[in-house]
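Structure file coords_12.cif with mmCIF, C-alpha atoms:
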data_protein
#
loop_
_atom_site.group_PDB
_atom_site.id
_atom_site.type_symbol
_atom_site.label_atom_id
_atom_site.label_comp_id
_atom_site.auth_asym_id
_atom_site.auth_seq_id
_atom_site.Cartn_x
_atom_site.Cartn_y
_atom_site.Cartn_z
ATOM 1 C CA MET A 1 15.873 29.417 3.085
ATOM 2 C CA ARG A 2 12.473 27.794 3.560
ATOM 3 C CA ARG A 3 12.547 24.109 2.676
ATOM 4 C CA GLY A 4 9.998 21.470 1.767
ATOM 5 C CA VAL A 5 10.254 17.744 1.054
ATOM 6 C CA VAL A 6 7.843 15.520 -0.877
ATOM 7 C CA ILE A 7 8.218 11.896 0.264
ATOM 8 C CA LEU A 8 6.823 9.386 -2.222
ATOM 9 C CA ALA A 9 5.423 6.114 -0.914
ATOM 10 C CA GLY A 10 3.214 4.770 -3.687
ATOM 11 C CA GLY A 11 4.833 1.372 -4.261
ATOM 12 C CA LYS A 12 2.857 -1.867 -4.350
ATOM 13 C CA GLY A 13 5.689 -4.146 -3.204
ATOM 14 C CA ILE A 14 5.452 -6.513 -6.181
ATOM 15 C CA ARG A 15 9.189 -7.246 -6.322
ATOM 16 C CA MET A 16 9.155 -7.876 -2.586
ATOM 17 C CA GLY A 17 6.805 -10.836 -3.076
ATOM 18 C CA ASN A 18 4.739 -9.633 -0.135
ATOM 19 C CA ASP A 19 1.078 -8.665 0.190
ATOM 20 C CA LEU A 20 2.129 -5.776 2.409
ATOM 21 C CA PRO A 21 3.454 -2.813 0.380
ATOM 22 C CA LYS A 22 7.187 -2.383 0.899
ATOM 23 C CA GLN A 23 6.886 1.014 2.585
ATOM 24 C CA PHE A 24 4.879 -0.622 5.406
ATOM 25 C CA ILE A 25 7.064 -3.678 5.984
ATOM 26 C CA PRO A 26 8.192 -3.581 9.632
ATOM 27 C CA LEU A 27 11.835 -3.347 10.632
ATOM 28 C CA TYR A 28 12.135 -4.023 14.347
ATOM 29 C CA GLY A 29 8.522 -3.060 14.911
ATOM 30 C CA LYS A 30 8.475 0.110 12.828
ATOM 31 C CA PRO A 31 7.494 0.451 9.141
ATOM 32 C CA VAL A 32 10.168 1.406 6.621
ATOM 33 C CA LEU A 33 8.346 4.632 5.789
ATOM 34 C CA MET A 34 8.439 5.841 9.377
ATOM 35 C CA TYR A 35 12.226 5.576 9.470
ATOM 36 C CA THR A 36 12.298 7.780 6.371
ATOM 37 C CA LEU A 37 9.947 10.345 7.884
ATOM 38 C CA GLU A 38 12.025 10.433 11.070
ATOM 39 C CA VAL A 39 15.340 11.075 9.326
ATOM 40 C CA PHE A 40 13.940 14.159 7.577
ATOM 41 C CA TYR A 41 12.463 15.433 10.824
ATOM 42 C CA ARG A 42 15.843 14.971 12.538
ATOM 43 C CA TRP A 43 17.494 16.867 9.691
ATOM 44 C CA ASP A 44 15.212 19.905 9.935
ATOM 45 C CA SER A 45 12.163 19.896 12.199
ATOM 46 C CA SER A 46 10.954 23.137 10.571
ATOM 47 C CA ALA A 47 10.898 21.780 7.003
ATOM 48 C CA GLN A 48 7.521 21.090 5.406
ATOM 49 C CA LEU A 49 7.027 17.348 4.967
ATOM 50 C CA ILE A 50 4.518 16.140 2.365
ATOM 51 C CA LEU A 51 3.819 12.396 2.376
ATOM 52 C CA VAL A 52 2.258 10.918 -0.783
ATOM 53 C CA LEU A 53 0.370 7.616 -0.451
ATOM 54 C CA PRO A 54 -2.198 5.712 -2.523
ATOM 55 C CA GLU A 55 -5.719 6.539 -1.390
ATOM 56 C CA GLU A 56 -6.410 2.957 -0.294
ATOM 57 C CA LEU A 57 -3.384 2.935 2.033
ATOM 58 C CA LYS A 58 -3.867 6.262 3.811
ATOM 59 C CA SER A 59 -6.098 4.925 6.582
ATOM 60 C CA TYR A 60 -3.693 2.045 7.243
ATOM 61 C CA TRP A 61 -0.791 4.474 7.556
ATOM 62 C CA GLU A 62 -2.751 6.716 9.908
ATOM 63 C CA MET A 63 -3.540 3.672 12.052
ATOM 64 C CA LEU A 64 0.176 2.817 12.233
ATOM 65 C CA CYS A 65 0.976 6.385 13.257
ATOM 66 C CA ARG A 66 -1.540 6.189 16.097
ATOM 67 C CA GLU A 67 -0.241 2.826 17.274
ATOM 68 C CA LEU A 68 3.388 4.002 17.234
ATOM 69 C CA ASN A 69 2.562 7.443 18.632
ATOM 70 C CA CYS A 70 4.155 9.275 15.715
ATOM 71 C CA LYS A 71 4.069 13.012 16.441
ATOM 72 C CA ILE A 72 5.976 14.255 13.399
ATOM 73 C CA PRO A 73 4.004 16.970 11.567
ATOM 74 C CA TYR A 74 3.343 16.278 7.880
ATOM 75 C CA ARG A 75 0.665 16.647 5.210
ATOM 76 C CA LEU A 76 -0.833 13.489 3.743
ATOM 77 C CA VAL A 77 -1.573 13.579 0.005
ATOM 78 C CA THR A 78 -3.143 11.057 -2.366
ATOM 79 C CA GLY A 79 -0.844 9.630 -5.043
ATOM 80 C CA GLY A 80 -1.461 9.535 -8.768
ATOM 81 C CA GLU A 81 -1.402 7.054 -11.633
ATOM 82 C CA THR A 82 2.409 7.208 -12.006
ATOM 83 C CA ARG A 83 5.325 8.534 -9.989
ATOM 84 C CA PHE A 84 5.167 11.702 -12.095
ATOM 85 C CA HIS A 85 1.533 12.301 -11.173
ATOM 86 C CA SER A 86 2.214 11.532 -7.507
ATOM 87 C CA VAL A 87 4.921 14.194 -7.472
ATOM 88 C CA GLN A 88 2.494 16.621 -9.109
ATOM 89 C CA ASN A 89 -0.038 15.976 -6.347
ATOM 90 C CA GLY A 90 2.595 16.443 -3.664
ATOM 91 C CA LEU A 91 3.859 19.693 -5.170
ATOM 92 C CA ARG A 92 0.358 21.171 -5.087
ATOM 93 C CA GLU A 93 0.382 20.867 -1.305
ATOM 94 C CA VAL A 94 3.777 22.458 -0.667
ATOM 95 C CA GLY A 95 3.315 25.831 0.974
ATOM 96 C CA GLU A 96 5.616 28.827 0.797
ATOM 97 C CA CYS A 97 9.219 27.690 0.475
ATOM 98 C CA ASP A 98 12.313 28.345 -1.619
ATOM 99 C CA LEU A 99 13.652 24.823 -2.180
ATOM 100 C CA ILE A 100 11.769 21.548 -2.694
ATOM 101 C CA GLY A 101 13.277 18.104 -2.306
ATOM 102 C CA ILE A 102 11.802 14.840 -3.587
ATOM 103 C CA HIS A 103 12.660 11.591 -1.813
ATOM 104 C CA ASP A 104 11.715 7.922 -2.113
ATOM 105 C CA GLY A 105 9.837 6.733 0.959
ATOM 106 C CA VAL A 106 11.682 3.405 0.866
ATOM 107 C CA ARG A 107 15.119 5.022 1.220
ATOM 108 C CA PRO A 108 15.197 5.249 5.043
ATOM 109 C CA PHE A 109 18.984 5.355 5.437
ATOM 110 C CA VAL A 110 19.845 8.611 3.707
ATOM 111 C CA SER A 111 22.168 10.546 5.986
ATOM 112 C CA THR A 112 21.207 13.959 7.341
ATOM 113 C CA GLN A 113 24.550 15.203 6.029
ATOM 114 C CA VAL A 114 23.627 14.181 2.472
ATOM 115 C CA ILE A 115 20.222 15.855 2.808
ATOM 116 C CA GLU A 116 21.826 19.065 4.047
ATOM 117 C CA THR A 117 24.460 19.031 1.299
ATOM 118 C CA CYS A 118 21.752 18.585 -1.340
ATOM 119 C CA PHE A 119 19.797 21.568 -0.061
ATOM 120 C CA ARG A 120 22.815 23.810 0.437
ATOM 121 C CA THR A 121 24.090 23.030 -3.062
ATOM 122 C CA ALA A 122 20.629 23.568 -4.554
ATOM 123 C CA GLU A 123 20.475 26.951 -2.828
ATOM 124 C CA GLU A 124 23.459 27.963 -4.963
ATOM 125 C CA LYS A 125 22.913 25.966 -8.170
ATOM 126 C CA GLY A 126 19.206 25.267 -8.422
ATOM 127 C CA ALA A 127 19.027 21.555 -9.244
ATOM 128 C CA VAL A 128 20.878 18.810 -7.376
ATOM 129 C CA MET A 129 20.761 15.047 -6.978
ATOM 130 C CA ALA A 130 22.622 12.618 -4.733
ATOM 131 C CA VAL A 131 24.577 9.901 -6.538
ATOM 132 C CA VAL A 132 27.147 7.225 -5.751
ATOM 133 C CA PRO A 133 29.790 5.880 -8.142
ATOM 134 C CA SER A 134 29.266 2.510 -9.764
ATOM 135 C CA ILE A 135 31.492 -0.127 -8.168
ATOM 136 C CA ASP A 136 30.657 -2.807 -10.756
ATOM 137 C CA SER A 137 31.947 -3.222 -14.267
ATOM 138 C CA LEU A 138 29.387 -2.103 -16.839
ATOM 139 C CA ARG A 139 28.493 -3.023 -20.383
ATOM 140 C CA MET A 140 26.261 -1.157 -22.834
ATOM 141 C CA LYS A 141 23.893 -3.068 -25.097
ATOM 142 C CA ILE A 142 23.615 -1.672 -28.643
ATOM 143 C CA GLY A 143 21.221 -3.671 -30.787
ATOM 144 C CA ASP A 144 22.460 -7.262 -30.817
ATOM 145 C CA LYS A 145 25.918 -6.256 -29.644
ATOM 146 C CA ASN A 146 27.393 -4.934 -26.438
ATOM 147 C CA ARG A 147 30.578 -3.253 -25.290
ATOM 148 C CA ALA A 148 32.357 -2.354 -22.086
ATOM 149 C CA VAL A 149 32.093 1.204 -20.800
ATOM 150 C CA ASP A 150 34.216 3.106 -18.306
ATOM 151 C CA ARG A 151 32.398 2.867 -14.987
ATOM 152 C CA ARG A 152 34.118 6.067 -13.808
ATOM 153 C CA ASN A 153 31.748 7.950 -16.103
ATOM 154 C CA TYR A 154 28.603 6.409 -14.578
ATOM 155 C CA PHE A 155 26.803 6.988 -11.293
ATOM 156 C CA ILE A 156 23.968 5.336 -9.399
ATOM 157 C CA VAL A 157 21.132 7.805 -8.882
ATOM 158 C CA GLN A 158 19.659 8.289 -5.423
ATOM 159 C CA THR A 159 17.294 10.694 -3.748
ATOM 160 C CA PRO A 160 16.858 13.314 -2.443
ATOM 161 C CA GLN A 161 16.788 15.447 -5.542
ATOM 162 C CA VAL A 162 16.385 19.133 -4.700
ATOM 163 C CA PHE A 163 15.340 22.098 -6.840
ATOM 164 C CA TYR A 164 14.447 25.758 -6.799
ATOM 165 C CA ARG A 165 10.718 25.896 -6.171
ATOM 166 C CA ASP A 166 9.928 27.765 -9.393
ATOM 167 C CA TRP A 167 11.982 25.352 -11.505
ATOM 168 C CA ILE A 168 10.269 22.187 -10.339
ATOM 169 C CA LEU A 169 6.779 23.687 -10.292
ATOM 170 C CA GLU A 170 7.167 24.870 -13.872
ATOM 171 C CA ALA A 171 8.657 21.578 -15.034
ATOM 172 C CA TYR A 172 5.783 19.579 -13.567
ATOM 173 C CA GLN A 173 3.194 21.617 -15.442
ATOM 174 C CA GLN A 174 4.152 19.837 -18.662
ATOM 175 C CA PRO A 175 2.456 16.589 -19.782
ATOM 176 C CA TYR A 176 3.832 13.255 -18.631
ATOM 177 C CA GLN A 177 6.366 11.535 -20.876
ATOM 178 C CA PRO A 178 7.513 7.903 -20.535
ATOM 179 C CA ASP A 179 11.184 8.910 -20.464
ATOM 180 C CA PHE A 180 10.748 10.905 -17.258
ATOM 181 C CA PHE A 181 12.700 8.491 -15.087
ATOM 182 C CA ASP A 182 12.932 10.756 -12.054
ATOM 183 C CA ASP A 183 12.508 14.379 -11.036
ATOM 184 C CA ALA A 184 15.877 15.407 -12.428
ATOM 185 C CA THR A 185 14.897 14.272 -15.932
ATOM 186 C CA VAL A 186 11.674 16.299 -15.679
ATOM 187 C CA VAL A 187 13.521 19.467 -14.660
ATOM 188 C CA GLU A 188 16.325 18.739 -17.140
ATOM 189 C CA SER A 189 13.800 18.707 -19.982
ATOM 190 C CA PHE A 190 13.361 22.453 -19.340
ATOM 191 C CA GLY A 191 17.024 23.081 -20.090
ATOM 192 C CA LYS A 192 18.233 23.130 -16.494
ATOM 193 C CA THR A 193 21.591 21.646 -15.506
ATOM 194 C CA ILE A 194 21.558 18.959 -12.822
ATOM 195 C CA HIS A 195 24.455 19.087 -10.362
ATOM 196 C CA LEU A 196 25.693 15.983 -8.568
ATOM 197 C CA ILE A 197 26.688 15.573 -4.949
ATOM 198 C CA GLU A 198 28.036 12.432 -3.297
ATOM 199 C CA GLY A 199 25.361 10.353 -1.595
ATOM 200 C CA ASN A 200 25.869 7.701 1.059
ATOM 201 C CA LEU A 201 26.154 4.023 0.174
ATOM 202 C CA GLU A 202 23.669 3.068 2.907
ATOM 203 C CA ASN A 203 20.974 5.052 1.096
ATOM 204 C CA ILE A 204 19.552 1.971 -0.606
ATOM 205 C CA LYS A 205 16.068 1.721 -2.070
ATOM 206 C CA ILE A 206 14.323 -1.163 -0.330
ATOM 207 C CA THR A 207 12.623 -3.149 -3.088
ATOM 208 C CA THR A 208 13.654 -6.818 -2.660
ATOM 209 C CA PRO A 209 13.918 -9.351 0.205
ATOM 210 C CA MET A 210 17.720 -9.010 0.060
ATOM 211 C CA ASP A 211 17.363 -5.270 0.668
ATOM 212 C CA LEU A 212 15.442 -6.037 3.869
ATOM 213 C CA ILE A 213 18.301 -8.182 5.144
ATOM 214 C CA VAL A 214 20.742 -5.352 4.456
ATOM 215 C CA ALA A 215 18.378 -2.856 6.111
ATOM 216 C CA GLU A 216 18.244 -4.928 9.294
ATOM 217 C CA ARG A 217 22.039 -4.938 9.415
ATOM 218 C CA PHE A 218 22.108 -1.146 9.073
ATOM 219 C CA ILE A 219 19.646 -0.758 11.953
ATOM 220 C CA ASN A 220 21.609 -3.168 14.149
ATOM 221 C CA LYS A 221 24.796 -1.270 13.405
ATOM 222 C CA GLY A 222 23.215 2.007 14.450
ATOM 223 C CA GLN A 223 21.799 0.702 17.720
#

Will you turn the file into C-alpha cells for me?
Amino acid sequence: MRRGVVILAGGKGIRMGNDLPKQFIPLYGKPVLMYTLEVFYRWDSSAQLILVLPEELKSYWEMLCRELNCKIPYRLVTGGETRFHSVQNGLREVGECDLIGIHDGVRPFVSTQVIETCFRTAEEKGAVMAVVPSIDSLRMKIGDKNRAVDRRNYFIVQTPQVFYRDWILEAYQQPYQPDFFDDATVVESFGKTIHLIEGNLENIKITTPMDLIVAERFINKGQ
C-alpha cells in the first residue's frame, strides 16, 4: 500500500530552556529533526514525507539541510496555530496514498520495526498507535482526593500513529477542540477504534535537558 508520513516539528523549545527550538538542537553535529527524517527514509525510501515547520524556521532548516548535504526527498509545509492545525496543513499536502502516519519530529529513536508494525497493523485495522506500558506506580486525582490505580491498565502514548487515509482526512475536517490531545483522539471522536501496538522504549520525546543526555547515550550506543 502507498504510505505517507507527516512529521511535526513546530515546538518552541520552552521546556528545554534554550533559545534554539528543540528540533534543531544538535546531537553530534546533526539536528534532532534530521535523525527523525533519516529513520523514516531508512524505513521506506518510497514513502511520502511531509515535514511541518513554523514559517519563521523554514529558512533555517533549509540552511541546515544544505550545510549537512541532506538529500532525503520531502515536502516542507508551514505549521498552524496548534498541533491540530499543523496536522491539518500537513494532510493537505499528502498526495495519493492509502495510509498516513503522524510522528513527532523530536522522537528520533523510533525503530523501523515499530514503524513497519504500525503501518502493517493499520492496513488491517485502520487506526493504530505505538504505546509502551507504564513502569511507574500511578495515582489518579479526583477532586481533593486521590487513589492508586493499576498501572497494567495504563500505557504511555508514542508516535507514530497511523490511519486509513479517508479516516484521518475526514476526522480533521471537524473544528478544533481542546481535548484533542493527539491524532488518535481526533480520529476516535468519529467513532473509530484505536488499536495499540508495542512501541520501543528508546522512542522518547526530546523535550528537556535530561532527554538530551539520554539521547546522546542512545547515539553512542548505536555507533

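The interatomic distance for the pair atom CA of A:Ser189 and atom CA of A:Gln174 works out to 9.8 Å.
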
List the spatial neighbours of A:Asp136 as a compact mmCIF listing (two decimals) with C-alpha atoms, keeping the file's coordinate frame - criterion: any atom at most 12 Å away, all atoms listed in the file, same-chain residues fewer than 4 positions off excluded.
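Contents of around-v6.txt, as written:
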# COMPACT_ATOMS: atom_id res chain seq x y z
CA VAL A 132 27.15 7.22 -5.75
CA ALA A 148 32.36 -2.35 -22.09
CA VAL A 149 32.09 1.20 -20.80
CA ASP A 150 34.22 3.11 -18.31
CA ARG A 151 32.40 2.87 -14.99
CA ARG A 152 34.12 6.07 -13.81
CA TYR A 154 28.60 6.41 -14.58
CA PHE A 155 26.80 6.99 -11.29
CA ILE A 156 23.97 5.34 -9.40

Listing only residues of stretch 84-200 of chain A within 12 Å of stretch 35-43 of chain A, what is the closest atom pair and its distance in Å (to one decimal) for each, using all atoms listed in the file, sorted by chain and residue number ascending, as a tab-separated table?
residue	atom	partner	partner_atom	distance
A:Gly101	CA	A:Phe40	CA	10.7
A:Ile102	CA	A:Phe40	CA	11.4
A:His103	CA	A:Thr36	CA	9.0
A:Asp104	CA	A:Thr36	CA	8.5
A:Gly105	CA	A:Thr36	CA	6.0
A:Val106	CA	A:Thr36	CA	7.1
A:Arg107	CA	A:Thr36	CA	6.5
A:Pro108	CA	A:Thr36	CA	4.1
A:Phe109	CA	A:Thr36	CA	7.2
A:Val110	CA	A:Val39	CA	7.6
A:Ser111	CA	A:Val39	CA	7.6
A:Thr112	CA	A:Trp43	CA	5.3
A:Gln113	CA	A:Trp43	CA	8.1
A:Val114	CA	A:Trp43	CA	9.8
A:Ile115	CA	A:Trp43	CA	7.5
A:Glu116	CA	A:Trp43	CA	7.4
A:Thr117	CA	A:Trp43	CA	11.1
A:Cys118	CA	A:Trp43	CA	11.9
A:Phe119	CA	A:Trp43	CA	11.1
A:Thr159	CA	A:Thr36	CA	11.7
A:Pro160	CA	A:Phe40	CA	10.5

(request) Select, from A:Val5, A:Met63, A:Val162, A:Leu76, the residue with the minimum atom-to-atom distance to A:Ile197, counting all atoms listed in the file. (result) A:Val162

(message) With distances taken over all atoms listed in the file, which residue among A:Arg75, A:Arg165, A:Arg2, A:Lys125 lies nearest A:Lys192?
(response)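 Comparing A:Arg75, A:Arg165, A:Arg2, A:Lys125 against A:Lys192, the winner is A:Lys125.
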
(message) The residues within 12 Å of (13.7, 11.5, -15.1), using all atoms listed in the file and the coordinates of the file, should be reported as a ChimeraX atom specification; which are they?
(response) /A:83-84,87,129,157-159,161,171-172,176-190,194

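The closest residue to A:Asn200, picked from A:Ile142, A:Val131, A:Leu20, A:Val32 and counting all atoms listed in the file, is A:Val131.
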
(request) For each of A:Ile50, A:Glu55, A:His195, A:Gly10, take the minimum atom-to-atom distance to A:Arg92, counting all atoms listed in the file, then give the residue where this is smallest. (result)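 Checking each of A:Ile50, A:Glu55, A:His195, A:Gly10 against A:Arg92, counting all atoms listed in the file, the winner is A:Ile50.
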
(request) Point out the residue among A:Glu216, A:Thr193, A:Asn153, A:Ala122 with the least atom-to-atom distance to A:Ser137, counting all atoms listed in the file. (result)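 The closest residue to A:Ser137 is A:Asn153.
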
(message) Please report the interatomic distance between atom CA of A:Ile168 and atom CA of A:Cys97 in Å with one decimal.
(response) 12.2 Å

(request) Counting only C-alpha atoms, figure out which residue out of A:Gly143, A:Ser59, A:Cys70, A:Gln48 gets nearest to A:Gly90. (result)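 Among the listed residues, A:Gln48 lies closest to A:Gly90.
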
If you take every atom of stretch 58-67 of chain A that the file lists and fit an axis-aligned box around them with 3 Å extra on each side, what centre and edge lengths come out in Å to one decimal, as lines of an AutoDock Vina configuration file?
center_x = -2.6
center_y = 4.4
center_z = 10.5
size_x = 13.1
size_y = 10.7
size_z = 19.5

(request) May I ask for the distance between atom CA of A:Thr78 and atom CA of A:Thr208, given in Å to one decimal place? (result) 24.5 Å
